[in-house]
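S.K.: Dropping in data.pdb, which is PDB, C-alpha atoms and all ligand atoms:
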MODEL        1
ATOM      1  CA  MET A   1       0.000   0.000   0.000  1.00  0.00           C
ATOM      2  CA  ILE A   2       1.159   3.522  -0.766  1.00  0.00           C
ATOM      3  CA  ILE A   3       0.600   6.083   1.958  1.00  0.00           C
ATOM      4  CA  VAL A   4      -0.183   9.645   0.893  1.00  0.00           C
ATOM      5  CA  ALA A   5       0.724  12.369   3.390  1.00  0.00           C
ATOM      6  CA  PRO A   6      -0.482  15.867   2.436  1.00  0.00           C
ATOM      7  CA  SER A   7       1.978  18.470   3.712  1.00  0.00           C
ATOM      8  CA  PHE A   8       0.226  21.274   5.579  1.00  0.00           C
ATOM      9  CA  LEU A   9       2.969  23.745   4.744  1.00  0.00           C
ATOM     10  CA  ALA A  10       1.039  24.333   1.513  1.00  0.00           C
ATOM     11  CA  SER A  11      -2.329  24.621   3.239  1.00  0.00           C
ATOM     12  CA  ASP A  12      -4.327  27.798   3.851  1.00  0.00           C
ATOM     13  CA  PHE A  13      -3.429  28.647   7.460  1.00  0.00           C
ATOM     14  CA  LEU A  14      -6.376  31.026   7.705  1.00  0.00           C
ATOM     15  CA  HIS A  15      -8.696  28.062   7.119  1.00  0.00           C
ATOM     16  CA  LEU A  16      -6.726  25.340   8.821  1.00  0.00           C
ATOM     17  CA  ALA A  17      -9.798  23.583  10.233  1.00  0.00           C
ATOM     18  CA  ASP A  18     -11.282  23.247   6.722  1.00  0.00           C
ATOM     19  CA  GLU A  19      -7.957  21.973   5.387  1.00  0.00           C
ATOM     20  CA  VAL A  20      -7.778  19.309   8.111  1.00  0.00           C
ATOM     21  CA  ASP A  21     -11.385  18.344   7.356  1.00  0.00           C
ATOM     22  CA  MET A  22     -10.532  18.040   3.677  1.00  0.00           C
ATOM     23  CA  VAL A  23      -7.774  15.550   4.542  1.00  0.00           C
ATOM     24  CA  ASN A  24     -10.003  13.770   7.089  1.00  0.00           C
ATOM     25  CA  ASN A  25     -12.536  13.137   4.332  1.00  0.00           C
ATOM     26  CA  SER A  26      -9.927  12.089   1.797  1.00  0.00           C
ATOM     27  CA  ALA A  27      -8.108   8.859   0.996  1.00  0.00           C
ATOM     28  CA  ALA A  28      -4.870  10.163   2.564  1.00  0.00           C
ATOM     29  CA  GLU A  29      -3.667   8.092   5.501  1.00  0.00           C
ATOM     30  CA  TRP A  30      -1.244  10.572   7.073  1.00  0.00           C
ATOM     31  CA  LEU A  31      -0.899  14.329   7.655  1.00  0.00           C
ATOM     32  CA  HIS A  32       2.628  15.669   7.181  1.00  0.00           C
ATOM     33  CA  LEU A  33       3.567  18.551   9.480  1.00  0.00           C
ATOM     34  CA  ASP A  34       6.761  20.488   8.665  1.00  0.00           C
ATOM     35  CA  VAL A  35       8.339  22.210  11.643  1.00  0.00           C
ATOM     36  CA  MET A  36      11.091  24.748  10.805  1.00  0.00           C
ATOM     37  CA  ASP A  37      13.211  26.801  13.172  1.00  0.00           C
ATOM     38  CA  GLY A  38      14.948  29.393  10.964  1.00  0.00           C
ATOM     39  CA  ARG A  39      18.311  27.837  11.932  1.00  0.00           C
ATOM     40  CA  PHE A  40      18.489  24.373  10.417  1.00  0.00           C
ATOM     41  CA  VAL A  41      16.587  25.718   7.433  1.00  0.00           C
ATOM     42  CA  PRO A  42      16.182  29.309   6.195  1.00  0.00           C
ATOM     43  CA  ASN A  43      12.487  29.463   7.045  1.00  0.00           C
ATOM     44  CA  ILE A  44      10.144  29.359  10.031  1.00  0.00           C
ATOM     45  CA  SER A  45       6.836  27.506   9.790  1.00  0.00           C
ATOM     46  CA  PHE A  46       4.812  26.469  12.846  1.00  0.00           C
ATOM     47  CA  GLY A  47       5.396  24.648  16.102  1.00  0.00           C
ATOM     48  CA  ILE A  48       3.963  22.705  19.013  1.00  0.00           C
ATOM     49  CA  PRO A  49       0.583  24.495  19.517  1.00  0.00           C
ATOM     50  CA  VAL A  50      -0.350  24.101  15.845  1.00  0.00           C
ATOM     51  CA  VAL A  51       0.462  20.377  15.926  1.00  0.00           C
ATOM     52  CA  GLU A  52      -1.630  20.103  19.097  1.00  0.00           C
ATOM     53  CA  PHE A  53      -4.680  21.734  17.491  1.00  0.00           C
ATOM     54  CA  ILE A  54      -4.374  19.677  14.310  1.00  0.00           C
ATOM     55  CA  ARG A  55      -4.084  16.513  16.425  1.00  0.00           C
ATOM     56  CA  LYS A  56      -7.399  17.335  18.128  1.00  0.00           C
ATOM     57  CA  ALA A  57      -9.065  17.704  14.732  1.00  0.00           C
ATOM     58  CA  THR A  58      -7.966  14.412  13.167  1.00  0.00           C
ATOM     59  CA  SER A  59      -7.622  10.722  13.880  1.00  0.00           C
ATOM     60  CA  LYS A  60      -5.210  10.232  10.971  1.00  0.00           C
ATOM     61  CA  VAL A  61      -1.513   9.631  11.553  1.00  0.00           C
ATOM     62  CA  CYS A  62       0.325  12.865  12.399  1.00  0.00           C
ATOM     63  CA  ASP A  63       3.755  12.693  10.783  1.00  0.00           C
ATOM     64  CA  VAL A  64       5.970  15.431  12.220  1.00  0.00           C
ATOM     65  CA  HIS A  65       9.067  16.383  10.215  1.00  0.00           C
ATOM     66  CA  LEU A  66      11.426  18.339  12.455  1.00  0.00           C
ATOM     67  CA  MET A  67      13.689  20.633  10.443  1.00  0.00           C
ATOM     68  CA  ILE A  68      15.238  22.058  13.575  1.00  0.00           C
ATOM     69  CA  GLU A  69      18.586  22.151  15.368  1.00  0.00           C
ATOM     70  CA  GLU A  70      18.831  20.236  18.653  1.00  0.00           C
ATOM     71  CA  PRO A  71      15.607  18.311  18.041  1.00  0.00           C
ATOM     72  CA  GLU A  72      16.197  16.298  21.232  1.00  0.00           C
ATOM     73  CA  LYS A  73      15.052  19.347  23.212  1.00  0.00           C
ATOM     74  CA  PHE A  74      11.591  19.280  21.605  1.00  0.00           C
ATOM     75  CA  VAL A  75      10.806  15.648  20.820  1.00  0.00           C
ATOM     76  CA  ALA A  76       8.900  15.059  24.102  1.00  0.00           C
ATOM     77  CA  ALA A  77       6.802  18.195  23.542  1.00  0.00           C
ATOM     78  CA  PHE A  78       5.845  17.139  20.014  1.00  0.00           C
ATOM     79  CA  HIS A  79       4.954  13.694  21.322  1.00  0.00           C
ATOM     80  CA  LYS A  80       2.752  15.319  23.975  1.00  0.00           C
ATOM     81  CA  ALA A  81       1.181  17.456  21.244  1.00  0.00           C
ATOM     82  CA  GLY A  82       0.103  14.239  19.523  1.00  0.00           C
ATOM     83  CA  ALA A  83       2.744  13.236  16.973  1.00  0.00           C
ATOM     84  CA  ASP A  84       2.547   9.594  15.853  1.00  0.00           C
ATOM     85  CA  VAL A  85       5.756   9.753  13.826  1.00  0.00           C
ATOM     86  CA  ILE A  86       8.686  12.087  14.467  1.00  0.00           C
ATOM     87  CA  SER A  87      11.571  12.456  12.037  1.00  0.00           C
ATOM     88  CA  VAL A  88      14.804  14.224  12.921  1.00  0.00           C
ATOM     89  CA  HIS A  89      17.495  15.216  10.433  1.00  0.00           C
ATOM     90  CA  ILE A  90      20.744  13.274  10.355  1.00  0.00           C
ATOM     91  CA  GLU A  91      22.461  16.609   9.586  1.00  0.00           C
ATOM     92  CA  ALA A  92      21.022  18.180  12.773  1.00  0.00           C
ATOM     93  CA  CYS A  93      21.885  15.412  15.243  1.00  0.00           C
ATOM     94  CA  ARG A  94      25.254  14.995  16.963  1.00  0.00           C
ATOM     95  CA  ASN A  95      23.971  11.893  18.732  1.00  0.00           C
ATOM     96  CA  LEU A  96      21.559  10.447  16.225  1.00  0.00           C
ATOM     97  CA  HIS A  97      21.334   7.000  17.803  1.00  0.00           C
ATOM     98  CA  ARG A  98      20.431   8.535  21.178  1.00  0.00           C
ATOM     99  CA  ASN A  99      17.881  10.860  19.544  1.00  0.00           C
ATOM    100  CA  ILE A 100      16.213   7.966  17.708  1.00  0.00           C
ATOM    101  CA  GLN A 101      16.042   5.915  20.928  1.00  0.00           C
ATOM    102  CA  GLN A 102      14.518   8.926  22.682  1.00  0.00           C
ATOM    103  CA  ILE A 103      11.673   8.965  20.138  1.00  0.00           C
ATOM    104  CA  LYS A 104      11.193   5.193  20.300  1.00  0.00           C
ATOM    105  CA  ASP A 105      11.087   5.273  24.104  1.00  0.00           C
ATOM    106  CA  LEU A 106       8.024   7.510  23.779  1.00  0.00           C
ATOM    107  CA  GLY A 107       6.271   4.615  22.016  1.00  0.00           C
ATOM    108  CA  ILE A 108       5.942   6.301  18.614  1.00  0.00           C
ATOM    109  CA  LYS A 109       7.564   5.765  15.212  1.00  0.00           C
ATOM    110  CA  ALA A 110      11.040   7.220  14.770  1.00  0.00           C
ATOM    111  CA  GLY A 111      12.234   8.542  11.446  1.00  0.00           C
ATOM    112  CA  VAL A 112      15.522   9.881  10.162  1.00  0.00           C
ATOM    113  CA  ALA A 113      15.400  12.548   7.462  1.00  0.00           C
ATOM    114  CA  VAL A 114      18.229  13.093   4.976  1.00  0.00           C
ATOM    115  CA  ASN A 115      18.942  16.076   2.777  1.00  0.00           C
ATOM    116  CA  PRO A 116      19.404  15.603  -0.972  1.00  0.00           C
ATOM    117  CA  HIS A 117      23.233  15.821  -0.709  1.00  0.00           C
ATOM    118  CA  THR A 118      23.547  13.309   2.136  1.00  0.00           C
ATOM    119  CA  PRO A 119      24.689   9.886   0.906  1.00  0.00           C
ATOM    120  CA  ILE A 120      22.600   6.799   1.634  1.00  0.00           C
ATOM    121  CA  ALA A 121      25.785   5.173   2.996  1.00  0.00           C
ATOM    122  CA  SER A 122      25.572   7.505   6.018  1.00  0.00           C
ATOM    123  CA  LEU A 123      22.426   5.598   7.083  1.00  0.00           C
ATOM    124  CA  GLU A 124      24.171   2.221   7.327  1.00  0.00           C
ATOM    125  CA  ASP A 125      24.634   2.316  11.092  1.00  0.00           C
ATOM    126  CA  ILE A 126      21.213   3.725  11.970  1.00  0.00           C
ATOM    127  CA  ILE A 127      18.902   1.988   9.502  1.00  0.00           C
ATOM    128  CA  ALA A 128      18.252  -0.976  11.806  1.00  0.00           C
ATOM    129  CA  ASP A 129      16.923   1.375  14.495  1.00  0.00           C
ATOM    130  CA  VAL A 130      14.450   3.500  12.532  1.00  0.00           C
ATOM    131  CA  ASP A 131      10.866   2.953  11.393  1.00  0.00           C
ATOM    132  CA  LEU A 132      11.107   5.381   8.505  1.00  0.00           C
ATOM    133  CA  VAL A 133      13.580   7.271   6.336  1.00  0.00           C
ATOM    134  CA  ASN A 134      12.435  10.636   5.039  1.00  0.00           C
ATOM    135  CA  LEU A 135      14.421  11.043   1.857  1.00  0.00           C
ATOM    136  CA  MET A 136      14.262  14.712   0.961  1.00  0.00           C
ATOM    137  CA  SER A 137      13.808  15.247  -2.752  1.00  0.00           C
ATOM    138  CA  VAL A 138      14.144  19.041  -2.448  1.00  0.00           C
ATOM    139  CA  ASN A 139      16.364  21.110  -0.182  1.00  0.00           C
ATOM    140  CA  PRO A 140      14.422  21.467   3.057  1.00  0.00           C
ATOM    141  CA  GLY A 141      12.841  24.754   4.037  1.00  0.00           C
ATOM    142  CA  PHE A 142      10.173  25.486   1.456  1.00  0.00           C
ATOM    143  CA  GLY A 143       7.201  23.943  -0.267  1.00  0.00           C
ATOM    144  CA  GLY A 144       6.567  24.209  -3.986  1.00  0.00           C
ATOM    145  CA  GLN A 145      10.093  23.350  -5.160  1.00  0.00           C
ATOM    146  CA  LYS A 146      11.025  21.142  -8.087  1.00  0.00           C
ATOM    147  CA  PHE A 147      11.771  17.454  -7.466  1.00  0.00           C
ATOM    148  CA  ILE A 148      15.539  16.787  -7.639  1.00  0.00           C
ATOM    149  CA  ALA A 149      15.845  13.985 -10.177  1.00  0.00           C
ATOM    150  CA  HIS A 150      18.956  12.269  -8.762  1.00  0.00           C
ATOM    151  CA  THR A 151      16.902  11.361  -5.700  1.00  0.00           C
ATOM    152  CA  LEU A 152      15.417   8.535  -7.746  1.00  0.00           C
ATOM    153  CA  HIS A 153      18.656   6.582  -7.721  1.00  0.00           C
ATOM    154  CA  LYS A 154      18.973   7.215  -3.954  1.00  0.00           C
ATOM    155  CA  ILE A 155      15.569   5.549  -3.468  1.00  0.00           C
ATOM    156  CA  ALA A 156      16.881   2.419  -5.171  1.00  0.00           C
ATOM    157  CA  GLN A 157      20.044   2.449  -2.993  1.00  0.00           C
ATOM    158  CA  LEU A 158      17.983   2.918   0.141  1.00  0.00           C
ATOM    159  CA  LYS A 159      15.620   0.137  -0.868  1.00  0.00           C
ATOM    160  CA  GLN A 160      18.558  -2.235  -1.064  1.00  0.00           C
ATOM    161  CA  LEU A 161      19.940  -1.171   2.333  1.00  0.00           C
ATOM    162  CA  ILE A 162      16.499  -1.625   3.896  1.00  0.00           C
ATOM    163  CA  ALA A 163      16.070  -5.067   2.331  1.00  0.00           C
ATOM    164  CA  GLU A 164      19.393  -6.129   3.893  1.00  0.00           C
ATOM    165  CA  ARG A 165      19.013  -4.617   7.359  1.00  0.00           C
ATOM    166  CA  ASN A 166      15.434  -3.593   8.227  1.00  0.00           C
ATOM    167  CA  PRO A 167      12.765  -4.772   5.754  1.00  0.00           C
ATOM    168  CA  SER A 168       9.871  -3.129   7.626  1.00  0.00           C
ATOM    169  CA  CYS A 169      11.395   0.366   7.426  1.00  0.00           C
ATOM    170  CA  LEU A 170       9.319   2.785   5.327  1.00  0.00           C
ATOM    171  CA  ILE A 171      10.742   5.008   2.585  1.00  0.00           C
ATOM    172  CA  GLU A 172       9.110   8.442   2.567  1.00  0.00           C
ATOM    173  CA  ILE A 173       9.786  10.836  -0.300  1.00  0.00           C
ATOM    174  CA  ASP A 174       9.407  14.478   0.584  1.00  0.00           C
ATOM    175  CA  GLY A 175       9.405  17.386  -1.845  1.00  0.00           C
ATOM    176  CA  GLY A 176       8.181  18.130  -5.342  1.00  0.00           C
ATOM    177  CA  VAL A 177       5.950  15.055  -5.585  1.00  0.00           C
ATOM    178  CA  THR A 178       3.362  15.390  -8.368  1.00  0.00           C
ATOM    179  CA  LEU A 179       0.992  13.166 -10.283  1.00  0.00           C
ATOM    180  CA  ASP A 180       3.602  13.066 -13.072  1.00  0.00           C
ATOM    181  CA  ASN A 181       6.567  11.819 -11.027  1.00  0.00           C
ATOM    182  CA  ALA A 182       4.751   9.775  -8.337  1.00  0.00           C
ATOM    183  CA  PRO A 183       4.609   6.530 -10.390  1.00  0.00           C
ATOM    184  CA  GLN A 184       8.397   6.660 -10.984  1.00  0.00           C
ATOM    185  CA  ILE A 185       9.017   7.362  -7.293  1.00  0.00           C
ATOM    186  CA  VAL A 186       6.887   4.397  -6.274  1.00  0.00           C
ATOM    187  CA  ALA A 187       8.461   2.164  -8.908  1.00  0.00           C
ATOM    188  CA  ALA A 188      11.861   3.026  -7.385  1.00  0.00           C
ATOM    189  CA  GLY A 189      10.670   1.770  -3.980  1.00  0.00           C
ATOM    190  CA  ALA A 190       8.932   4.532  -2.004  1.00  0.00           C
ATOM    191  CA  ASN A 191       6.063   3.679   0.384  1.00  0.00           C
ATOM    192  CA  VAL A 192       5.072   7.131   1.669  1.00  0.00           C
ATOM    193  CA  LEU A 193       4.533  10.143  -0.590  1.00  0.00           C
ATOM    194  CA  VAL A 194       4.500  13.596   0.947  1.00  0.00           C
ATOM    195  CA  ALA A 195       2.619  15.995  -1.298  1.00  0.00           C
ATOM    196  CA  GLY A 196       2.138  19.658  -0.412  1.00  0.00           C
ATOM    197  CA  SER A 197       1.501  22.002  -3.300  1.00  0.00           C
ATOM    198  CA  SER A 198       0.317  19.305  -5.700  1.00  0.00           C
ATOM    199  CA  VAL A 199      -2.527  18.570  -3.259  1.00  0.00           C
ATOM    200  CA  PHE A 200      -3.397  21.875  -1.581  1.00  0.00           C
ATOM    201  CA  ASN A 201      -2.998  24.004  -4.721  1.00  0.00           C
ATOM    202  CA  ALA A 202      -5.145  21.658  -6.790  1.00  0.00           C
ATOM    203  CA  LYS A 203      -8.649  22.791  -7.765  1.00  0.00           C
ATOM    204  CA  ASN A 204      -9.975  19.672  -6.098  1.00  0.00           C
ATOM    205  CA  PRO A 205      -7.483  18.512  -3.431  1.00  0.00           C
ATOM    206  CA  GLN A 206      -9.383  15.322  -2.548  1.00  0.00           C
ATOM    207  CA  GLN A 207      -9.420  14.332  -6.183  1.00  0.00           C
ATOM    208  CA  ALA A 208      -5.677  15.106  -6.414  1.00  0.00           C
ATOM    209  CA  ILE A 209      -5.103  12.673  -3.511  1.00  0.00           C
ATOM    210  CA  ASP A 210      -7.274  10.034  -5.225  1.00  0.00           C
ATOM    211  CA  HIS A 211      -5.388  10.471  -8.489  1.00  0.00           C
ATOM    212  CA  LEU A 212      -2.024  10.141  -6.735  1.00  0.00           C
ATOM    213  CA  LYS A 213      -3.149   6.941  -5.034  1.00  0.00           C
ATOM    214  CA  THR A 214      -4.618   5.410  -8.177  1.00  0.00           C
ATOM    215  CA  ALA A 215      -1.542   6.234 -10.272  1.00  0.00           C
ATOM    216  CA  CYS A 216       0.734   4.634  -7.653  1.00  0.00           C
ATOM    217  CA  GLU A 217      -1.386   1.595  -6.989  1.00  0.00           C
ATOM    218  CA  LYS A 218      -1.259   0.775 -10.690  1.00  0.00           C
ATOM    219  CA  ILE A 219       2.538   0.526 -10.354  1.00  0.00           C
ATOM    220  CA  ILE A 220       2.470  -1.935  -7.436  1.00  0.00           C
TER     221      ILE A 220
HETATM  222  O1  LIG B 301       9.714  19.241   4.242  1.00  0.00           O
HETATM  223  C1  LIG B 301       9.329  19.846   3.261  1.00  0.00           C
HETATM  224  C2  LIG B 301      10.014  21.074   2.758  1.00  0.00           C
HETATM  225  O2  LIG B 301      11.070  21.382   3.582  1.00  0.00           O
HETATM  226  C3  LIG B 301       8.180  19.287   2.520  1.00  0.00           C
HETATM  227  O3  LIG B 301       7.374  18.471   3.348  1.00  0.00           O
HETATM  228  C4  LIG B 301       7.350  20.233   1.681  1.00  0.00           C
HETATM  229  O4  LIG B 301       6.434  20.926   2.452  1.00  0.00           O
HETATM  230  C5  LIG B 301       6.631  19.471   0.594  1.00  0.00           C
HETATM  231  O5  LIG B 301       5.924  20.368  -0.184  1.00  0.00           O
HETATM  232  P1  LIG B 301       5.833  20.252  -1.782  1.00  0.00           P
HETATM  233  O6  LIG B 301       7.249  20.178  -2.294  1.00  0.00           O
HETATM  234  O7  LIG B 301       5.084  18.975  -2.049  1.00  0.00           O
HETATM  235  O8  LIG B 301       5.104  21.481  -2.189  1.00  0.00           O
HETATM  236 FE    FE B 302       8.524  17.606   5.108  1.00  0.00          FE
ENDMDL
END
Translate this file's structure into structure tokens.
Ligand SMILES: O=C(CO)[C@@H](O)[C@H](O)COP(=O)(O)O
Ligand SMILES: [Fe+2]
M.R.:
Amino acid sequence: MIIVAPSFLASDFLHLADEVDMVNNSAAEWLHLDVMDGRFVPNISFGIPVVEFIRKATSKVCDVHLMIEEPEKFVAAFHKAGADVISVHIEACRNLHRNIQQIKDLGIKAGVAVNPHTPIASLEDIIADVDLVNLMSVNPGFGGQKFIAHTLHKIAQLKQLIAERNPSCLIEIDGGVTLDNAPQIVAAGANVLVAGSSVFNAKNPQQAIDHLKTACEKII
């Protein structure tokens, strides 16, 4: 099964309740929540209170992508706010193994996120400990960017590493996912598709989610 996770960074913050309702009534399984601190990435998005309010408005999986320095300081607060999955960036963690254990000790899924320039080989000694890898297919910090094509070969590399060391680990692709490139991304081995602008900027976002799912399910 392919999981679709609409990214709320592209949503209309003035009508957040309607946007959450749209996803609640859609075929998407997850909600993707991008937290940015203006330090790890050159942008600031939203934080703990917003995640908390969204959590109250949905029973879908809340997938929190922390694009922040020193994520270990905030993981417990995001868990308390209702995150079901928390991903921290390999590039932001001095003690990644400890940070991943910290998330797992909270009883939720732990993910590691990697920037487009970070080699898959750098995941070798952490892959066995994570539930998910968020493979960034744009440079983190902004929605609406173009998919970086060389990410496709990284998906295939990651798929092989996962098959060897942790077959239940999910591959999440984050950034620039559209109806046009989704089938290729899934064919390369992705299980979770984050889609921000291609969903929220569509005339009919629920239909955009349906189309993404149908196009991908044809591939598997
Ligand atoms: O983490 C990020 C960006 O840093 C992503 O989750 C984007 O928010 C995805 O948005 P689109 O590229 O699909 O518009
Ligand atoms: Fe993200």
S.K.: For atom CA of A:Gly144 and atom CA of A:Val64, determine how far apart the two atoms are, in Å to one decimal place.
M.R.: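 Taking atom CA of A:Gly144 and atom CA of A:Val64, their separation equals 18.4 Å.
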S.K.: Just so the selection is clear, what residues does the PyMOL selection byres (((chain A and resi 160) around 12) and not hetatm) cover here, as a PyMOL selection string?
M.R.: chain A and resi 120-121+123-124+127+153-159+161-167+169+171+188-190
S.K.: Keeping only C-alpha atoms, write the selected residues as an mmCIF file, in the coordinates of the input.
M.R.:
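What landed in out.cif:
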data_model
loop_
_atom_site.group_PDB
_atom_site.id
_atom_site.type_symbol
_atom_site.label_atom_id
_atom_site.label_comp_id
_atom_site.auth_asym_id
_atom_site.auth_seq_id
_atom_site.Cartn_x
_atom_site.Cartn_y
_atom_site.Cartn_z
ATOM 1 C CA ILE A 120 22.600 6.799 1.634
ATOM 2 C CA ALA A 121 25.785 5.173 2.996
ATOM 3 C CA LEU A 123 22.426 5.598 7.083
ATOM 4 C CA GLU A 124 24.171 2.221 7.327
ATOM 5 C CA ILE A 127 18.902 1.988 9.502
ATOM 6 C CA HIS A 153 18.656 6.582 -7.721
ATOM 7 C CA LYS A 154 18.973 7.215 -3.954
ATOM 8 C CA ILE A 155 15.569 5.549 -3.468
ATOM 9 C CA ALA A 156 16.881 2.419 -5.171
ATOM 10 C CA GLN A 157 20.044 2.449 -2.993
ATOM 11 C CA LEU A 158 17.983 2.918 0.141
ATOM 12 C CA LYS A 159 15.620 0.137 -0.868
ATOM 13 C CA LEU A 161 19.940 -1.171 2.333
ATOM 14 C CA ILE A 162 16.499 -1.625 3.896
ATOM 15 C CA ALA A 163 16.070 -5.067 2.331
ATOM 16 C CA GLU A 164 19.393 -6.129 3.893
ATOM 17 C CA ARG A 165 19.013 -4.617 7.359
ATOM 18 C CA ASN A 166 15.434 -3.593 8.227
ATOM 19 C CA PRO A 167 12.765 -4.772 5.754
ATOM 20 C CA CYS A 169 11.395 0.366 7.426
ATOM 21 C CA ILE A 171 10.742 5.008 2.585
ATOM 22 C CA ALA A 188 11.861 3.026 -7.385
ATOM 23 C CA GLY A 189 10.670 1.770 -3.980
ATOM 24 C CA ALA A 190 8.932 4.532 -2.004
#
S.K.: Evaluating the PyMOL selection byres (((chain A and resi 141-143) around 12) and not hetatm) on the displayed file yields which residues, as a ChimeraX atom specification?
M.R.: /A:6-11,33-45,65-68,115,136-140,144-147,174-177,194-201
S.K.: Report as a list in words the full result of the PyMOL selection byres (((chain A and resi 131) around 9) and not hetatm) when it is applied to this structure.
M.R.: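 Checking the PyMOL selection byres (((chain A and resi 131) around 9) and not hetatm) against this file, the residues are Val85, Lys109, Ala110, Gly111, Val112, Ile127, Ala128, Asp129, Val130, Leu132, Val133, Asn166, Ser168, Cys169 and Leu170 of chain A.
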S.K.: Could you tell me how far atom CA of A:Ile90 sits from atom CA of A:Lys104, in Å to one decimal place?
M.R.: 16.0 Å
S.K.: Please report the interatomic distance between atom O4 of ligand LIG 301 (chain B) and atom CA of A:Met1 in Å with one decimal.
M.R.: 22.0 Å
S.K.: Considering only C-alpha atoms, give me a table of residues in stretch 104-162 of chain A that are at most 10 Å from stretch 78-81 of chain A, with the closest atom pair and distance in Å for each, as JSON lines.
M.R.:
{"residue": "A:Leu106", "atom": "CA", "partner": "A:His79", "partner_atom": "CA", "distance": 7.3}
{"residue": "A:Gly107", "atom": "CA", "partner": "A:His79", "partner_atom": "CA", "distance": 9.2}
{"residue": "A:Ile108", "atom": "CA", "partner": "A:His79", "partner_atom": "CA", "distance": 7.9}
S.K.: Considering all atoms listed in the file, can you say which of A:Val114, A:Ala208, A:Leu152, A:Ile220 comes closest to ligand FE 302 (chain B)?
M.R.: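 The closest residue to ligand FE 302 (chain B) is A:Val114.
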S.K.: For each of A:Arg55, A:His89, A:Lys60, A:Lys73, take the minimum atom-to-atom distance to ligand FE 302 (chain B), counting all atoms listed in the file, then give the residue where this is smallest.
M.R.: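 Using all atoms listed in the file, the shortest distance to ligand FE 302 (chain B) belongs to A:His89.
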S.K.: Can you work out which one of A:Leu135, A:Val20, A:Ile3, A:Asn25 has the shortest atom-to-atom distance to ligand LIG 301 (chain B), counting all atoms listed in the file?
M.R.: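 Distance minimum relative to ligand LIG 301 (chain B) lands on A:Leu135.
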S.K.: Can you tell me, as a PyMOL selection string, what residues are no more than 6 Å from stretch 213-216 of chain A when counting all atoms listed in the file, ignoring any on the same chain fewer than 3 positions away?
M.R.: chain A and resi 183+210+219
S.K.: Would you give the centre and edge lengths, in Å to one decimal, of a box along x, y and z around the listed atoms of ligand LIG 301 (chain B), with 3 Å added to each side, as AutoDock Vina command-line options?
M.R.:
--center_x 8.1 --center_y 20.0 --center_z 1.0 --size_x 12.0 --size_y 9.0 --size_z 12.5
S.K.: Restore N, CA and C atoms in stretch 114-125 of chain A and list the result as a compact mmCIF listing (two decimals), in the coordinates of the input.
M.R.:
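What ended up in out_11.txt:
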# COMPACT_ATOMS: atom_id res chain seq x y z
N VAL A 114 16.93 12.79 5.60
CA VAL A 114 18.23 13.09 4.98
C VAL A 114 18.05 14.10 3.84
N ASN A 115 18.96 15.06 3.83
CA ASN A 115 18.94 16.08 2.78
C ASN A 115 19.39 15.48 1.44
N PRO A 116 19.07 16.17 0.35
CA PRO A 116 19.40 15.60 -0.97
C PRO A 116 20.90 15.30 -1.17
N HIS A 117 21.79 16.05 -0.49
CA HIS A 117 23.23 15.82 -0.71
C HIS A 117 23.81 14.74 0.21
N THR A 118 23.02 14.26 1.15
CA THR A 118 23.55 13.31 2.14
C THR A 118 23.52 11.89 1.56
N PRO A 119 24.67 11.22 1.53
CA PRO A 119 24.69 9.89 0.91
C PRO A 119 23.91 8.84 1.70
N ILE A 120 23.34 7.90 1.00
CA ILE A 120 22.60 6.80 1.63
C ILE A 120 23.53 5.99 2.55
N ALA A 121 24.82 5.93 2.18
CA ALA A 121 25.78 5.17 3.00
C ALA A 121 25.83 5.69 4.44
N SER A 122 25.51 6.96 4.66
CA SER A 122 25.57 7.50 6.02
C SER A 122 24.45 6.95 6.91
N LEU A 123 23.53 6.19 6.29
CA LEU A 123 22.43 5.60 7.08
C LEU A 123 22.74 4.17 7.54
N GLU A 124 23.87 3.64 7.07
CA GLU A 124 24.17 2.22 7.33
C GLU A 124 24.08 1.83 8.79
N ASP A 125 24.58 2.70 9.68
CA ASP A 125 24.63 2.32 11.09
C ASP A 125 23.45 2.82 11.91
